[in-house]
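S.K.: The structure's right below; bear with me while I get my questions together.
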Amino acid sequence: MGAVDTPERGGKKKKGGLSGRRPKRRVGVRIDMTPMVDVAFLLLIFFMVTTVFRTPKALEINLPPKDAKVDVAVSKTFTMRILEDGRLYWRRAEEPWNRTTTDKLKDVLKPFEGQNELILVVKIDRKSPFENMVNALDELHAAKLSRFSITPLEDKEKQEVEGL
C-alpha cells in the first residue's frame with residue numbers, strides 16, 4: 001500500500017531551565033496514495049478500451065502465384081487502357097474500342113456492377129500518374145468488380161488505341 005509519511009516537526013529540547021514556552025507537538029501526516037493510483041489506472045483502461053482506432057486506408061490485393069496461368073474465355077473479359085493524359089479506352093470482349101476519360105469511368109462501369117464472372121484487364125501507361133491507377137481501382141471497388149488484372153501498357157497497344 002502506498003503512503004507518504006512526513007517527518008514529525010519539533011525542535012530539540014533545551015536542557016535545563018524553564019523557558020515557559022512549550023514546543024508544539026505535531027502529528028505526522030500520512031496520505032494513502034492507493035485510491036489515486038486505482039483511479040489513474042481505471043482512467044487509463046477506460047480510454048484504451050473506448051478509443052476507436054483509425055482503419056487503414058489501404059487497398060487489399062491478392063496476388064496469384066508467379067507460375068499460375070488461367071485460361072479465360074474472351075466473352076468474359078473487359079479491357080481498359082489508360083493513357084498518360086487521362087484518356088481511357090475500353091471494350092467488352094471483341095467489341096470495338098470506346099473512348100472516354102478517367103473521370104467518367106464510373107459511368108462506364110455502371111452496367112457491369114456486381115458481375116462476378118467478368119474479368120477486367122487494366123492496362124496503364126507507365127508514364128501515367130499513379131493517381132489514375134488508384135482512381136481506377138477505387139471505381140472497380142465501388143462497382144463491386146473484384147476480379148481484375150493490372151499490367152503495364154505496351155507501346156504497340158498504346159499506338160493501337162491512339163489511332164482511333
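Residue names in the C-alpha cells use chain letters A, B, ... in the order shown, residue numbers from 1 in each chain, and ligand numbers from 1 in the order shown.
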Write out as a PyMOL selection string which residues come within 12 Å of region 60-64 of chain A when counting only C-alpha atoms, dropping same-chain ones fewer than 2 positions away.
M.R.: chain A and resi 56-58+66-70+137-138+141+146-150
S.K.: Export, as a PDB file, in the first residue's frame, the selected residues with C-alpha atoms.
M.R.:
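Listed below is the output, selection-v7.pdb:
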ATOM      1  CA  PRO A  56      -6.012   1.840 -42.513  1.00  0.00           C
ATOM      2  CA  LYS A  57      -6.853   3.237 -45.909  1.00  0.00           C
ATOM      3  CA  ALA A  58      -5.210   0.572 -47.956  1.00  0.00           C
ATOM      4  CA  LYS A  66       4.084 -16.500 -60.130  1.00  0.00           C
ATOM      5  CA  ASP A  67       3.622 -19.540 -62.372  1.00  0.00           C
ATOM      6  CA  ALA A  68      -0.190 -19.562 -62.381  1.00  0.00           C
ATOM      7  CA  LYS A  69      -1.823 -19.360 -65.801  1.00  0.00           C
ATOM      8  CA  VAL A  70      -5.568 -19.338 -66.189  1.00  0.00           C
ATOM      9  CA  LEU A 137      -9.074   0.678 -58.695  1.00  0.00           C
ATOM     10  CA  ASP A 138     -11.368   2.707 -56.430  1.00  0.00           C
ATOM     11  CA  HIS A 141     -14.139  -1.487 -55.892  1.00  0.00           C
ATOM     12  CA  SER A 146     -13.250  -7.818 -57.689  1.00  0.00           C
ATOM     13  CA  ARG A 147     -11.640  -9.851 -60.480  1.00  0.00           C
ATOM     14  CA  PHE A 148      -9.090  -7.757 -62.305  1.00  0.00           C
ATOM     15  CA  SER A 149      -5.559  -7.815 -63.593  1.00  0.00           C
ATOM     16  CA  ILE A 150      -3.228  -4.807 -63.752  1.00  0.00           C
TER      17      ILE A 150
END
S.K.: Between A:Asn116, A:Gln159, A:Asn132, A:Thr101, which is the closest to Leu145 (chain A) once you count only C-alpha atoms?
M.R.: A:Asn116
S.K.: Using DSSP on the backbone coordinates, identify the residues of region 131-163 of chain A assigned to alpha helix (DSSP H); present them as a PyMOL selection string.
M.R.: chain A and resi 131-142+155-162
S.K.: Could you list, as number ranges by chain, every residue within 9 Å of Trp97 (chain A), counting only C-alpha atoms and ignoring same-chain residues fewer than 6 positions away?
M.R.: A: 89-91, 161, 164
S.K.: Would you export the selected residues with N, CA and C atoms as an mmCIF file, in the first residue's frame, please?
M.R.:
data_model
loop_
_atom_site.group_PDB
_atom_site.id
_atom_site.type_symbol
_atom_site.label_atom_id
_atom_site.label_comp_id
_atom_site.auth_asym_id
_atom_site.auth_seq_id
_atom_site.Cartn_x
_atom_site.Cartn_y
_atom_site.Cartn_z
ATOM 1 N N TYR A 89 -9.595 4.054 -72.871
ATOM 2 C CA TYR A 89 -10.204 3.268 -73.942
ATOM 3 C C TYR A 89 -10.648 1.958 -73.326
ATOM 4 N N TRP A 90 -11.860 1.532 -73.656
ATOM 5 C CA TRP A 90 -12.381 0.300 -73.083
ATOM 6 C C TRP A 90 -13.215 -0.458 -74.111
ATOM 7 N N ARG A 91 -13.289 -1.759 -73.858
ATOM 8 C CA ARG A 91 -14.162 -2.604 -74.675
ATOM 9 C C ARG A 91 -14.480 -3.877 -73.921
ATOM 10 N N VAL A 161 -4.625 2.111 -79.820
ATOM 11 C CA VAL A 161 -5.760 2.912 -79.382
ATOM 12 C C VAL A 161 -5.594 4.391 -79.710
ATOM 13 N N LEU A 164 -7.257 5.612 -82.933
ATOM 14 C CA LEU A 164 -8.724 5.657 -83.030
ATOM 15 C C LEU A 164 -9.252 7.066 -82.983
#
S.K.: Excluding Val72 (chain A) and residues on its chain fewer than 2 positions from it, collect all residues at most 12 Å away from it, counting only C-alpha atoms, and give them as a PyMOL selection string.
M.R.: chain A and resi 69-70+74-78+93+117-121+147
S.K.: State, in Å with one decimal place, the distance from CA of Leu109 (chain A) to CA of Thr151 (chain A).
M.R.: 19.0 Å
S.K.: Applying 12 Å and only C-alpha atoms, which residues near region 98-100 of chain A remain after dropping the ones on its own chain fewer than 3 positions away? List them as an MDAnalysis selection string.
M.R.: chainID A and resid 78:83 85:92 94:95 103:109 161:164
S.K.: Grab the residues selected above and save them as a short mmCIF file (atom, residue, chain, number, x, y, z; two decimals), in the first residue's frame with N, CA and C atoms.
M.R.:
data_model
loop_
_atom_site.label_atom_id
_atom_site.label_comp_id
_atom_site.auth_asym_id
_atom_site.auth_seq_id
_atom_site.Cartn_x
_atom_site.Cartn_y
_atom_site.Cartn_z
N PHE A 78 -13.19 -7.74 -69.95
CA PHE A 78 -13.43 -6.31 -70.12
C PHE A 78 -12.06 -5.65 -70.05
N THR A 79 -11.66 -5.00 -71.13
CA THR A 79 -10.31 -4.44 -71.21
C THR A 79 -10.37 -2.92 -71.13
N MET A 80 -9.49 -2.36 -70.29
CA MET A 80 -9.35 -0.91 -70.18
C MET A 80 -7.90 -0.55 -70.43
N ARG A 81 -7.69 0.51 -71.20
CA ARG A 81 -6.34 1.02 -71.43
C ARG A 81 -6.34 2.49 -71.02
N ILE A 82 -5.50 2.81 -70.05
CA ILE A 82 -5.44 4.17 -69.52
C ILE A 82 -4.14 4.81 -69.99
N LEU A 83 -4.27 5.93 -70.67
CA LEU A 83 -3.10 6.63 -71.20
C LEU A 83 -2.63 7.71 -70.23
N ASP A 85 -2.35 10.94 -70.43
CA ASP A 85 -3.11 12.18 -70.31
C ASP A 85 -4.52 12.00 -69.74
N GLY A 86 -4.85 10.80 -69.28
CA GLY A 86 -6.15 10.55 -68.65
C GLY A 86 -7.20 10.00 -69.59
N ARG A 87 -6.83 9.78 -70.86
CA ARG A 87 -7.78 9.16 -71.78
C ARG A 87 -7.93 7.69 -71.41
N LEU A 88 -9.14 7.20 -71.59
CA LEU A 88 -9.45 5.82 -71.24
C LEU A 88 -10.14 5.17 -72.43
N TYR A 89 -9.59 4.05 -72.87
CA TYR A 89 -10.20 3.27 -73.94
C TYR A 89 -10.65 1.96 -73.33
N TRP A 90 -11.86 1.53 -73.66
CA TRP A 90 -12.38 0.30 -73.08
C TRP A 90 -13.22 -0.46 -74.11
N ARG A 91 -13.29 -1.76 -73.86
CA ARG A 91 -14.16 -2.60 -74.67
C ARG A 91 -14.48 -3.88 -73.92
N ARG A 92 -15.62 -4.44 -74.27
CA ARG A 92 -16.04 -5.71 -73.70
C ARG A 92 -15.82 -6.77 -74.75
N GLU A 94 -14.75 -8.68 -77.71
CA GLU A 94 -14.17 -8.28 -79.00
C GLU A 94 -14.92 -7.10 -79.63
N GLU A 95 -15.69 -6.38 -78.85
CA GLU A 95 -16.42 -5.22 -79.36
C GLU A 95 -15.42 -4.13 -79.76
N ASP A 103 -12.23 10.34 -65.55
CA ASP A 103 -13.24 10.96 -64.70
C ASP A 103 -14.61 10.31 -64.89
N LYS A 104 -14.86 9.77 -66.07
CA LYS A 104 -16.17 9.19 -66.38
C LYS A 104 -16.16 7.66 -66.29
N LEU A 105 -15.17 7.11 -65.63
CA LEU A 105 -15.08 5.64 -65.50
C LEU A 105 -16.27 5.06 -64.75
N LYS A 106 -16.78 5.81 -63.80
CA LYS A 106 -17.93 5.34 -63.02
C LYS A 106 -19.12 5.03 -63.93
N ASP A 107 -19.36 5.90 -64.91
CA ASP A 107 -20.48 5.70 -65.84
C ASP A 107 -20.24 4.48 -66.74
N VAL A 108 -18.99 4.24 -67.09
CA VAL A 108 -18.64 3.09 -67.94
C VAL A 108 -18.89 1.79 -67.20
N LEU A 109 -18.55 1.75 -65.90
CA LEU A 109 -18.65 0.51 -65.13
C LEU A 109 -20.05 0.25 -64.57
N VAL A 161 -4.63 2.11 -79.82
CA VAL A 161 -5.76 2.91 -79.38
C VAL A 161 -5.59 4.39 -79.71
N GLU A 162 -4.37 4.87 -79.82
CA GLU A 162 -4.16 6.28 -80.17
C GLU A 162 -4.58 6.57 -81.60
N GLY A 163 -4.60 5.56 -82.43
CA GLY A 163 -5.00 5.72 -83.83
C GLY A 163 -6.51 5.81 -83.99
N LEU A 164 -7.26 5.61 -82.93
CA LEU A 164 -8.72 5.66 -83.03
C LEU A 164 -9.25 7.07 -82.98
#
S.K.: Would you please give, as a ChimeraX atom specification, all residues of chain A that DSSP assigns to strand (DSSP E) based on the backbone?
M.R.: /A:3-5,30-32,77-82,87-92,98-101,119-124,148-152
S.K.: Report as a VMD selection string all protein, DNA and RNA residues lying within 8 Å of Leu153 (chain A), evaluated on only C-alpha atoms, omitting residues in the same chain fewer than 4 positions from it.
M.R.: chain A and resid 81 to 82 123 to 126 157 to 158
S.K.: Please indicate the distance in Å from CA of Pro129 (chain A) to CA of Ala142 (chain A), rounded to one decimal place.
M.R.: 20.7 Å
